[in-house]
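*Asks:* Got a structure here, written out as structure tokens. Questions coming.
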Amino acid sequence: MGDHSLVYKLNSERRRQIAGNKFKTEEAEVVVVGSCNTDLISYAPRLPKPGETIHGTKFSIGFGGKGANQCVMAARLEAKTAMVSKVGDDAFGNETIKNFKENGVITEFVSISKGASTGVAPIAVNEQGQNAIIIVPGANMLITPTEVEDALSKLPSVKVLLCQLEINMDATLAALKYGKSKGILTILNPAPAVEKLDPEYYKNCDIFCPNETETEILTGLPVTNIDEAKTAAIKLIELGCTKVIITMGGNGAVLITSDNSNPVHITTQKVTPVDTTGAGDAFVGSLAYFLAYHSSLPIPEMIKRACHIATISVGNQGTQKSFPWKGDLPEELLK
């Protein structure tokens, strides 16, 4: 991954520039309706077994939530990005909003609730960079369909809408339906996955983007290799999806569309990960950037580039702080 200190030097410099670049609300072209969490990250030689206590080597607090992560990743690539979410009236919530602003995200629709705390996510990471996560959603579950629709109605320039399943699911579905009705390109990252997901979620997103584990839960099929992923992708099309991208970590991704029954495997470079936390969100946020700003690229090429950016993120510890900024990346990657 090269000199990590250079990455952080660029991050710090770009952060100062971005913080001073205030986009107008009506300029937002990528909007994320989703979750905000505070990550409580413990590093240990291995993950504990049930009932076991082990010693960790390091602890850190970071910003997370799949929605927030995807939003920040798109913003760091200099997409004009807005977040629609809810946080608690506490220190974690205040710091979350501050962090969005420092990353250039429009925060007009990040509301503060006195009815619950900001969401938290305790995370354990082992020496191989694999993680285990528990999410306590808090205020994320209090956002309503009406609040979401009202926010989206005030964002007239949106090209791409990202959703996940970490907030009130009625609000998520309302966002997808609104986006679909307005001709906005809608992406659903169905995480955490739900068995027997309402078919309306499949039908109201243009791109359905699960990982292997989520795909297994949604389809009931094993996804342990590329061939199995292709079979599961076909199943997702049968469930009502228009376009499916199954992310597979170091194995890249599998793409299938409803008008082409032959799934395609997109490869990515192999690396030794330091921390895989947030890699899927780095992929989805990057994909949104390419869809909004480089729509003429073939989608397999967008996927390949988004995989490249996600691969860079696993070379550093943490979630959002591991995400590269535009200035960290080769110019040809973002053309």
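Labels used: A, B, ... for chains in the order of the structure tokens, numbers from 1 for residues in each chain, and numbers from 1 for ligands as shown.
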Which residues come within 10 Å of Ile112 in chain A, counting only C-alpha atoms, excluding same-chain residues fewer than 6 positions away, as a list in words?
*Replies:* Ser85, Lys86, Val87, Gly88, Asp89, Asp90, Gly93, Asn94, Ile97, Thr118, Ala139 and Ile143 of chain A
*Asks:* Write out as a ChimeraX atom specification the residues lying within 12 Å of range 289-302 of chain A, counting only C-alpha atoms and excluding same-chain residues fewer than 3 positions away.
*Replies:* /A:28-32,70-81,157-162,184-187,206-207,243-245,252-257,263-268,282-286,305-309,326,333-335
*Asks:* For the atom pair CA of Asn99 in chain A and CA of Pro210 in chain A, what is the interatomic distance in Å to one decimal place?
*Replies:*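 These atoms are spaced 26.6 Å apart.
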*Asks:* In terms of the shortest atom-to-atom distance over only C-alpha atoms, which of A:Glu102, A:Thr247, A:Gly129, A:Ile167 is closest to Val223 in chain A?
*Replies:*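 Checking each of A:Glu102, A:Thr247, A:Gly129, A:Ile167 against Val223 in chain A, counting only C-alpha atoms, the winner is A:Thr247.
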*Asks:* Compare A:Gly34, A:Pro199, A:Gly240, A:Gly250 by their minimum atom-to-atom distance to Thr172 in chain A, counting only C-alpha atoms, and give me the closest one.
*Replies:*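 Residue with the minimum atom-to-atom distance to Thr172 in chain A: A:Gly34.
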